[in-house]
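Participant: Quick one: this structure, given as structure tokens, is what I'll be asking you about.
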Amino acid sequence: NRLMGEMETLPLEEKLIKEPLYPTFPKLDKMVKFGKKLRQCVRIALSIWGITSSKKPPGPIYAQFGIADPCNHKCVMCGDHPPETHVSETTKSAFYNTPGIMSFEHYKGIVDDLHERGTADIEMVGQGEPMLNKHIVDMVAYAKKKGMYVRIVTNGSRLFAKQAEAFVDLGLDRLQLSLNAGDPETYPKIHVTESPENFKKVIANIRYLTDYKQ
């Protein structure tokens, strides 16, 4: 159609702005997700009134937790890993003396507890870059086996082909990209440790994932 003809003439980064980077889901999947959230809302409401069939209180509808503190980028707006020109007393107090990476065993304990309490929607983020955790594919697989809706937030720099294929095959529900720039020239002004070429590599990583999904 005419729109697709126009898309073919656009630069790759402009195509990605017009094309959705997140997966679309059948109506049934949306209904199942809504049903799980509604059920958990009811459980939470009943627990407030002391009406519960479990000794443990229900978990949150949605849980976000960090799986990696270190980051391979330094961005001007980041208070956890700012470039040297943006370091202040406030940012210094946010730094970790010993940045940690969540172990797979610890992660499983968190997910097991959340699942037992009815939480069905989790997001893996971090004070740093989640893809630096070598267990991230196993983490996605573990949560998906429990029927959870799983999200990841990443800068996309380490979204290599192997990981991209695994995420698609496992049914990762949402991948949120922190690109923070619309073109290669702007990218290093935000991600100051990176170059225009790094921007193109991230775009290529995302393109590979979307092509593999199709």
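Each chain of the structure tokens is named A, B, ... in the order shown, its residues numbered from 1; ligands are numbered from 1 in display order.
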Could you give me, as a PDB file with N, CA, C and O atoms, in the first residue's frame, the residues within 10 Å of A:Gly66, counting only C-alpha atoms and dropping anything in the same chain fewer than 3 positions from it?
Facilitator:
ATOM      1  N   ASP A  69      23.143  -3.680  38.646  1.00  0.00           N
ATOM      2  CA  ASP A  69      23.483  -2.306  39.035  1.00  0.00           C
ATOM      3  C   ASP A  69      24.472  -1.627  38.086  1.00  0.00           C
ATOM      4  O   ASP A  69      24.323  -0.438  37.805  1.00  0.00           O
ATOM      5  N   GLY A 100      26.038  -4.577  42.287  1.00  0.00           N
ATOM      6  CA  GLY A 100      25.748  -6.002  42.271  1.00  0.00           C
ATOM      7  C   GLY A 100      24.992  -6.464  41.047  1.00  0.00           C
ATOM      8  O   GLY A 100      24.370  -5.686  40.332  1.00  0.00           O
ATOM      9  N   ILE A 101      25.095  -7.776  40.807  1.00  0.00           N
ATOM     10  CA  ILE A 101      24.327  -8.459  39.766  1.00  0.00           C
ATOM     11  C   ILE A 101      23.484  -9.508  40.474  1.00  0.00           C
ATOM     12  O   ILE A 101      24.013 -10.326  41.223  1.00  0.00           O
ATOM     13  N   MET A 102      22.164  -9.490  40.251  1.00  0.00           N
ATOM     14  CA  MET A 102      21.293 -10.447  40.932  1.00  0.00           C
ATOM     15  C   MET A 102      21.586 -11.865  40.454  1.00  0.00           C
ATOM     16  O   MET A 102      21.673 -12.129  39.250  1.00  0.00           O
ATOM     17  N   TYR A 107      16.822 -14.481  42.136  1.00  0.00           N
ATOM     18  CA  TYR A 107      15.730 -14.096  41.239  1.00  0.00           C
ATOM     19  C   TYR A 107      14.582 -15.103  41.322  1.00  0.00           C
ATOM     20  O   TYR A 107      13.405 -14.717  41.412  1.00  0.00           O
ATOM     21  N   GLU A 123       8.607  -6.657  35.627  1.00  0.00           N
ATOM     22  CA  GLU A 123       9.486  -5.918  34.722  1.00  0.00           C
ATOM     23  C   GLU A 123      10.898  -5.944  35.272  1.00  0.00           C
ATOM     24  O   GLU A 123      11.137  -5.591  36.425  1.00  0.00           O
ATOM     25  N   MET A 124      11.834  -6.368  34.432  1.00  0.00           N
ATOM     26  CA  MET A 124      13.243  -6.412  34.827  1.00  0.00           C
ATOM     27  C   MET A 124      13.944  -5.163  34.333  1.00  0.00           C
ATOM     28  O   MET A 124      14.038  -4.918  33.127  1.00  0.00           O
ATOM     29  N   VAL A 125      14.422  -4.384  35.294  1.00  0.00           N
ATOM     30  CA  VAL A 125      15.138  -3.149  34.987  1.00  0.00           C
ATOM     31  C   VAL A 125      16.456  -3.188  35.749  1.00  0.00           C
ATOM     32  O   VAL A 125      17.058  -4.239  35.875  1.00  0.00           O
ATOM     33  N   GLY A 126      16.891  -2.051  36.264  1.00  0.00           N
ATOM     34  CA  GLY A 126      18.112  -2.030  37.046  1.00  0.00           C
ATOM     35  C   GLY A 126      18.607  -0.621  37.256  1.00  0.00           C
ATOM     36  O   GLY A 126      18.213   0.303  36.551  1.00  0.00           O
ATOM     37  N   GLN A 127      19.458  -0.450  38.249  1.00  0.00           N
ATOM     38  CA  GLN A 127      20.175   0.814  38.378  1.00  0.00           C
ATOM     39  C   GLN A 127      21.126   0.952  37.199  1.00  0.00           C
ATOM     40  O   GLN A 127      21.601   2.033  36.896  1.00  0.00           O
ATOM     41  N   GLY A 128      21.380  -0.156  36.538  1.00  0.00           N
ATOM     42  CA  GLY A 128      22.245  -0.175  35.369  1.00  0.00           C
ATOM     43  C   GLY A 128      21.554  -0.833  34.191  1.00  0.00           C
ATOM     44  O   GLY A 128      20.358  -0.658  33.985  1.00  0.00           O
ATOM     45  N   GLU A 129      22.304  -1.640  33.443  1.00  0.00           N
ATOM     46  CA  GLU A 129      21.791  -2.274  32.222  1.00  0.00           C
ATOM     47  C   GLU A 129      21.453  -3.742  32.489  1.00  0.00           C
ATOM     48  O   GLU A 129      22.344  -4.555  32.768  1.00  0.00           O
ATOM     49  N   PRO A 130      20.164  -4.120  32.426  1.00  0.00           N
ATOM     50  CA  PRO A 130      19.750  -5.496  32.725  1.00  0.00           C
ATOM     51  C   PRO A 130      20.430  -6.552  31.863  1.00  0.00           C
ATOM     52  O   PRO A 130      20.652  -7.679  32.313  1.00  0.00           O
TER      53      PRO A 130
END
Participant: List the neighbours of stretch 146-161 of chain A out to 6 Å using only C-alpha atoms; skip same-chain residues closer than 2 positions along the sequence, and give me the result as a ChimeraX atom specification.
Facilitator: /A:120-125,143-144,163-164,172-178,202,205
Participant: Interatomic distance between atom CA of A:Cys78 and atom CA of A:Glu194?
Facilitator: 14.6 Å
Participant: Could you pull out the strand (DSSP E) residues of stretch 43-210 of chain A from DSSP and send them as a PDB file with N, CA, C and O atoms, in the first residue's frame?
Facilitator:
ATOM      1  N   ALA A  63       5.124  -5.814  39.452  1.00  0.00           N
ATOM      2  CA  ALA A  63       6.363  -5.677  40.226  1.00  0.00           C
ATOM      3  C   ALA A  63       7.530  -5.349  39.299  1.00  0.00           C
ATOM      4  O   ALA A  63       7.711  -5.983  38.256  1.00  0.00           O
ATOM      5  N   GLN A  64       8.301  -4.365  39.699  1.00  0.00           N
ATOM      6  CA  GLN A  64       9.489  -3.958  38.947  1.00  0.00           C
ATOM      7  C   GLN A  64      10.698  -4.124  39.856  1.00  0.00           C
ATOM      8  O   GLN A  64      10.681  -3.659  40.997  1.00  0.00           O
ATOM      9  N   PHE A  65      11.733  -4.788  39.368  1.00  0.00           N
ATOM     10  CA  PHE A  65      12.925  -4.937  40.197  1.00  0.00           C
ATOM     11  C   PHE A  65      14.187  -4.971  39.344  1.00  0.00           C
ATOM     12  O   PHE A  65      14.158  -5.352  38.169  1.00  0.00           O
ATOM     13  N   GLY A  66      15.275  -4.552  39.954  1.00  0.00           N
ATOM     14  CA  GLY A  66      16.549  -4.465  39.245  1.00  0.00           C
ATOM     15  C   GLY A  66      17.315  -5.772  39.307  1.00  0.00           C
ATOM     16  O   GLY A  66      17.360  -6.420  40.349  1.00  0.00           O
ATOM     17  N   ASP A 121       2.628  -9.916  36.618  1.00  0.00           N
ATOM     18  CA  ASP A 121       3.215  -8.931  35.699  1.00  0.00           C
ATOM     19  C   ASP A 121       4.509  -8.410  36.314  1.00  0.00           C
ATOM     20  O   ASP A 121       4.488  -7.747  37.349  1.00  0.00           O
ATOM     21  N   ILE A 122       5.663  -8.738  35.693  1.00  0.00           N
ATOM     22  CA  ILE A 122       6.942  -8.282  36.237  1.00  0.00           C
ATOM     23  C   ILE A 122       7.758  -7.561  35.162  1.00  0.00           C
ATOM     24  O   ILE A 122       7.618  -7.826  33.970  1.00  0.00           O
ATOM     25  N   GLU A 123       8.607  -6.657  35.627  1.00  0.00           N
ATOM     26  CA  GLU A 123       9.486  -5.918  34.722  1.00  0.00           C
ATOM     27  C   GLU A 123      10.898  -5.944  35.272  1.00  0.00           C
ATOM     28  O   GLU A 123      11.137  -5.591  36.425  1.00  0.00           O
ATOM     29  N   MET A 124      11.834  -6.368  34.432  1.00  0.00           N
ATOM     30  CA  MET A 124      13.243  -6.412  34.827  1.00  0.00           C
ATOM     31  C   MET A 124      13.944  -5.163  34.333  1.00  0.00           C
ATOM     32  O   MET A 124      14.038  -4.918  33.127  1.00  0.00           O
ATOM     33  N   VAL A 125      14.422  -4.384  35.294  1.00  0.00           N
ATOM     34  CA  VAL A 125      15.138  -3.149  34.987  1.00  0.00           C
ATOM     35  C   VAL A 125      16.456  -3.188  35.749  1.00  0.00           C
ATOM     36  O   VAL A 125      17.058  -4.239  35.875  1.00  0.00           O
ATOM     37  N   TYR A 149       3.492 -12.225  32.746  1.00  0.00           N
ATOM     38  CA  TYR A 149       3.711 -11.222  31.703  1.00  0.00           C
ATOM     39  C   TYR A 149       5.067 -10.592  32.026  1.00  0.00           C
ATOM     40  O   TYR A 149       5.262 -10.047  33.117  1.00  0.00           O
ATOM     41  N   VAL A 150       6.016 -10.675  31.101  1.00  0.00           N
ATOM     42  CA  VAL A 150       7.397 -10.293  31.398  1.00  0.00           C
ATOM     43  C   VAL A 150       7.866  -9.153  30.498  1.00  0.00           C
ATOM     44  O   VAL A 150       7.700  -9.196  29.276  1.00  0.00           O
ATOM     45  N   ARG A 151       8.467  -8.145  31.119  1.00  0.00           N
ATOM     46  CA  ARG A 151       8.988  -6.979  30.397  1.00  0.00           C
ATOM     47  C   ARG A 151      10.466  -6.779  30.738  1.00  0.00           C
ATOM     48  O   ARG A 151      10.912  -7.138  31.821  1.00  0.00           O
ATOM     49  N   ILE A 152      11.175  -6.150  29.828  1.00  0.00           N
ATOM     50  CA  ILE A 152      12.569  -5.769  30.051  1.00  0.00           C
ATOM     51  C   ILE A 152      12.770  -4.347  29.536  1.00  0.00           C
ATOM     52  O   ILE A 152      12.243  -3.983  28.485  1.00  0.00           O
ATOM     53  N   VAL A 153      13.535  -3.555  30.282  1.00  0.00           N
ATOM     54  CA  VAL A 153      13.952  -2.227  29.824  1.00  0.00           C
ATOM     55  C   VAL A 153      15.458  -2.279  29.571  1.00  0.00           C
ATOM     56  O   VAL A 153      16.219  -2.694  30.447  1.00  0.00           O
ATOM     57  N   THR A 154      15.895  -1.881  28.385  1.00  0.00           N
ATOM     58  CA  THR A 154      17.310  -2.001  28.020  1.00  0.00           C
ATOM     59  C   THR A 154      17.747  -0.847  27.121  1.00  0.00           C
ATOM     60  O   THR A 154      16.920  -0.224  26.447  1.00  0.00           O
ATOM     61  N   ARG A 174       7.208  -7.746  26.410  1.00  0.00           N
ATOM     62  CA  ARG A 174       7.492  -6.344  26.084  1.00  0.00           C
ATOM     63  C   ARG A 174       8.979  -6.046  26.269  1.00  0.00           C
ATOM     64  O   ARG A 174       9.565  -6.419  27.282  1.00  0.00           O
ATOM     65  N   LEU A 175       9.550  -5.379  25.288  1.00  0.00           N
ATOM     66  CA  LEU A 175      10.939  -4.930  25.367  1.00  0.00           C
ATOM     67  C   LEU A 175      10.933  -3.417  25.166  1.00  0.00           C
ATOM     68  O   LEU A 175      10.563  -2.932  24.098  1.00  0.00           O
ATOM     69  N   GLN A 176      11.303  -2.688  26.191  1.00  0.00           N
ATOM     70  CA  GLN A 176      11.323  -1.228  26.124  1.00  0.00           C
ATOM     71  C   GLN A 176      12.754  -0.744  25.902  1.00  0.00           C
ATOM     72  O   GLN A 176      13.664  -1.099  26.646  1.00  0.00           O
ATOM     73  N   LEU A 177      12.944   0.049  24.864  1.00  0.00           N
ATOM     74  CA  LEU A 177      14.275   0.498  24.475  1.00  0.00           C
ATOM     75  C   LEU A 177      14.522   1.936  24.930  1.00  0.00           C
ATOM     76  O   LEU A 177      13.740   2.833  24.622  1.00  0.00           O
TER      77      LEU A 177
END
Participant: What is the atom CA of A:Pro83-atom CA of A:Ala204 distance in Å, reported with one decimal?
Facilitator: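 Interatomic distance here is 25.5 Å.
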Participant: Using Å and a single decimal, report how far atom CA of A:His73 sits from atom CA of A:Pro184.
Facilitator: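 We find that atom CA of A:Pro184 and atom CA of A:His73 lie 15.5 Å from each other.
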Participant: Residues near A:Val192, anyone? I mean within 12 Å using only C-alpha atoms, not counting same-chain ones fewer than 6 positions away, as a PyMOL selection string.
Facilitator: chain A and resi 72-78+81-86+180-181+185-186+198-199
Participant: I need the residues in stretch 138-198 of chain A that are alpha helix (DSSP H) according to DSSP; give them as a PDB file with N, CA and C atoms, in the first residue's frame.
Facilitator:
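Below is the file that was written, selection_2.pdb:
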ATOM      1  N   ASP A 138      17.585 -16.973  30.971  1.00  0.00           N
ATOM      2  CA  ASP A 138      17.027 -17.959  31.898  1.00  0.00           C
ATOM      3  C   ASP A 138      15.962 -17.325  32.796  1.00  0.00           C
ATOM      4  N   MET A 139      16.160 -16.060  33.142  1.00  0.00           N
ATOM      5  CA  MET A 139      15.195 -15.361  33.981  1.00  0.00           C
ATOM      6  C   MET A 139      13.862 -15.182  33.262  1.00  0.00           C
ATOM      7  N   VAL A 140      13.937 -14.810  31.997  1.00  0.00           N
ATOM      8  CA  VAL A 140      12.716 -14.674  31.197  1.00  0.00           C
ATOM      9  C   VAL A 140      12.017 -16.028  31.096  1.00  0.00           C
ATOM     10  N   ALA A 141      12.793 -17.068  30.795  1.00  0.00           N
ATOM     11  CA  ALA A 141      12.220 -18.413  30.649  1.00  0.00           C
ATOM     12  C   ALA A 141      11.536 -18.870  31.927  1.00  0.00           C
ATOM     13  N   TYR A 142      12.149 -18.602  33.066  1.00  0.00           N
ATOM     14  CA  TYR A 142      11.602 -19.049  34.351  1.00  0.00           C
ATOM     15  C   TYR A 142      10.256 -18.397  34.634  1.00  0.00           C
ATOM     16  N   ALA A 143      10.179 -17.088  34.400  1.00  0.00           N
ATOM     17  CA  ALA A 143       8.931 -16.367  34.668  1.00  0.00           C
ATOM     18  C   ALA A 143       7.836 -16.736  33.659  1.00  0.00           C
ATOM     19  N   LYS A 144       8.228 -16.947  32.406  1.00  0.00           N
ATOM     20  CA  LYS A 144       7.231 -17.301  31.387  1.00  0.00           C
ATOM     21  C   LYS A 144       6.640 -18.685  31.656  1.00  0.00           C
ATOM     22  N   LYS A 145       7.443 -19.604  32.201  1.00  0.00           N
ATOM     23  CA  LYS A 145       6.931 -20.932  32.532  1.00  0.00           C
ATOM     24  C   LYS A 145       5.848 -20.858  33.597  1.00  0.00           C
ATOM     25  N   ALA A 161      22.064 -11.179  18.609  1.00  0.00           N
ATOM     26  CA  ALA A 161      21.165 -12.084  17.896  1.00  0.00           C
ATOM     27  C   ALA A 161      20.709 -13.258  18.762  1.00  0.00           C
ATOM     28  N   LYS A 162      21.617 -13.850  19.502  1.00  0.00           N
ATOM     29  CA  LYS A 162      21.283 -15.010  20.326  1.00  0.00           C
ATOM     30  C   LYS A 162      20.219 -14.659  21.359  1.00  0.00           C
ATOM     31  N   GLN A 163      20.400 -13.512  22.026  1.00  0.00           N
ATOM     32  CA  GLN A 163      19.430 -13.092  23.032  1.00  0.00           C
ATOM     33  C   GLN A 163      18.096 -12.713  22.387  1.00  0.00           C
ATOM     34  N   ALA A 164      18.163 -12.015  21.257  1.00  0.00           N
ATOM     35  CA  ALA A 164      16.943 -11.596  20.568  1.00  0.00           C
ATOM     36  C   ALA A 164      16.105 -12.811  20.166  1.00  0.00           C
ATOM     37  N   GLU A 165      16.758 -13.807  19.605  1.00  0.00           N
ATOM     38  CA  GLU A 165      16.043 -15.024  19.195  1.00  0.00           C
ATOM     39  C   GLU A 165      15.423 -15.733  20.396  1.00  0.00           C
ATOM     40  N   ALA A 166      16.182 -15.778  21.492  1.00  0.00           N
ATOM     41  CA  ALA A 166      15.665 -16.441  22.699  1.00  0.00           C
ATOM     42  C   ALA A 166      14.448 -15.709  23.244  1.00  0.00           C
ATOM     43  N   PHE A 167      14.488 -14.380  23.263  1.00  0.00           N
ATOM     44  CA  PHE A 167      13.358 -13.612  23.775  1.00  0.00           C
ATOM     45  C   PHE A 167      12.097 -13.854  22.951  1.00  0.00           C
ATOM     46  N   VAL A 168      12.257 -13.883  21.646  1.00  0.00           N
ATOM     47  CA  VAL A 168      11.101 -14.139  20.775  1.00  0.00           C
ATOM     48  C   VAL A 168      10.578 -15.551  20.987  1.00  0.00           C
ATOM     49  N   ASP A 169      11.469 -16.531  21.008  1.00  0.00           N
ATOM     50  CA  ASP A 169      11.070 -17.926  21.167  1.00  0.00           C
ATOM     51  C   ASP A 169      10.396 -18.184  22.513  1.00  0.00           C
ATOM     52  N   LEU A 170      10.850 -17.465  23.549  1.00  0.00           N
ATOM     53  CA  LEU A 170      10.292 -17.656  24.890  1.00  0.00           C
ATOM     54  C   LEU A 170       8.979 -16.899  25.078  1.00  0.00           C
ATOM     55  N   TYR A 187      22.701  11.001  19.415  1.00  0.00           N
ATOM     56  CA  TYR A 187      22.936   9.907  20.368  1.00  0.00           C
ATOM     57  C   TYR A 187      24.126  10.154  21.303  1.00  0.00           C
ATOM     58  N   PRO A 188      25.312  10.529  20.804  1.00  0.00           N
ATOM     59  CA  PRO A 188      26.453  10.735  21.704  1.00  0.00           C
ATOM     60  C   PRO A 188      26.289  11.929  22.638  1.00  0.00           C
ATOM     61  N   LYS A 189      25.379  12.823  22.323  1.00  0.00           N
ATOM     62  CA  LYS A 189      25.137  13.970  23.200  1.00  0.00           C
ATOM     63  C   LYS A 189      24.348  13.564  24.433  1.00  0.00           C
ATOM     64  N   ILE A 190      23.648  12.452  24.347  1.00  0.00           N
ATOM     65  CA  ILE A 190      22.878  11.920  25.476  1.00  0.00           C
ATOM     66  C   ILE A 190      23.629  10.759  26.129  1.00  0.00           C
ATOM     67  N   PRO A 196      28.112   7.772  17.055  1.00  0.00           N
ATOM     68  CA  PRO A 196      27.047   7.593  16.058  1.00  0.00           C
ATOM     69  C   PRO A 196      26.973   6.155  15.542  1.00  0.00           C
ATOM     70  N   GLU A 197      28.130   5.498  15.430  1.00  0.00           N
ATOM     71  CA  GLU A 197      28.141   4.112  14.965  1.00  0.00           C
ATOM     72  C   GLU A 197      27.442   3.189  15.955  1.00  0.00           C
ATOM     73  N   ASN A 198      27.570   3.499  17.254  1.00  0.00           N
ATOM     74  CA  ASN A 198      26.894   2.690  18.267  1.00  0.00           C
ATOM     75  C   ASN A 198      25.376   2.813  18.145  1.00  0.00           C
TER      76      ASN A 198
END
Participant: Would you mind telling me which residue in A:Gly35, A:Glu116, A:Phe104, A:Gly109 lies nearest to A:Pro57 when using only C-alpha atoms?
Facilitator: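 The shortest atom-to-atom distance to A:Pro57 comes from A:Glu116.
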Participant: Determine the nearest neighbour of A:His106 from the options A:Ile67, A:Tyr62, A:Gly79, A:Tyr208, counting only C-alpha atoms.
Facilitator: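 Using only C-alpha atoms, A:His106 sits closest to A:Ile67.
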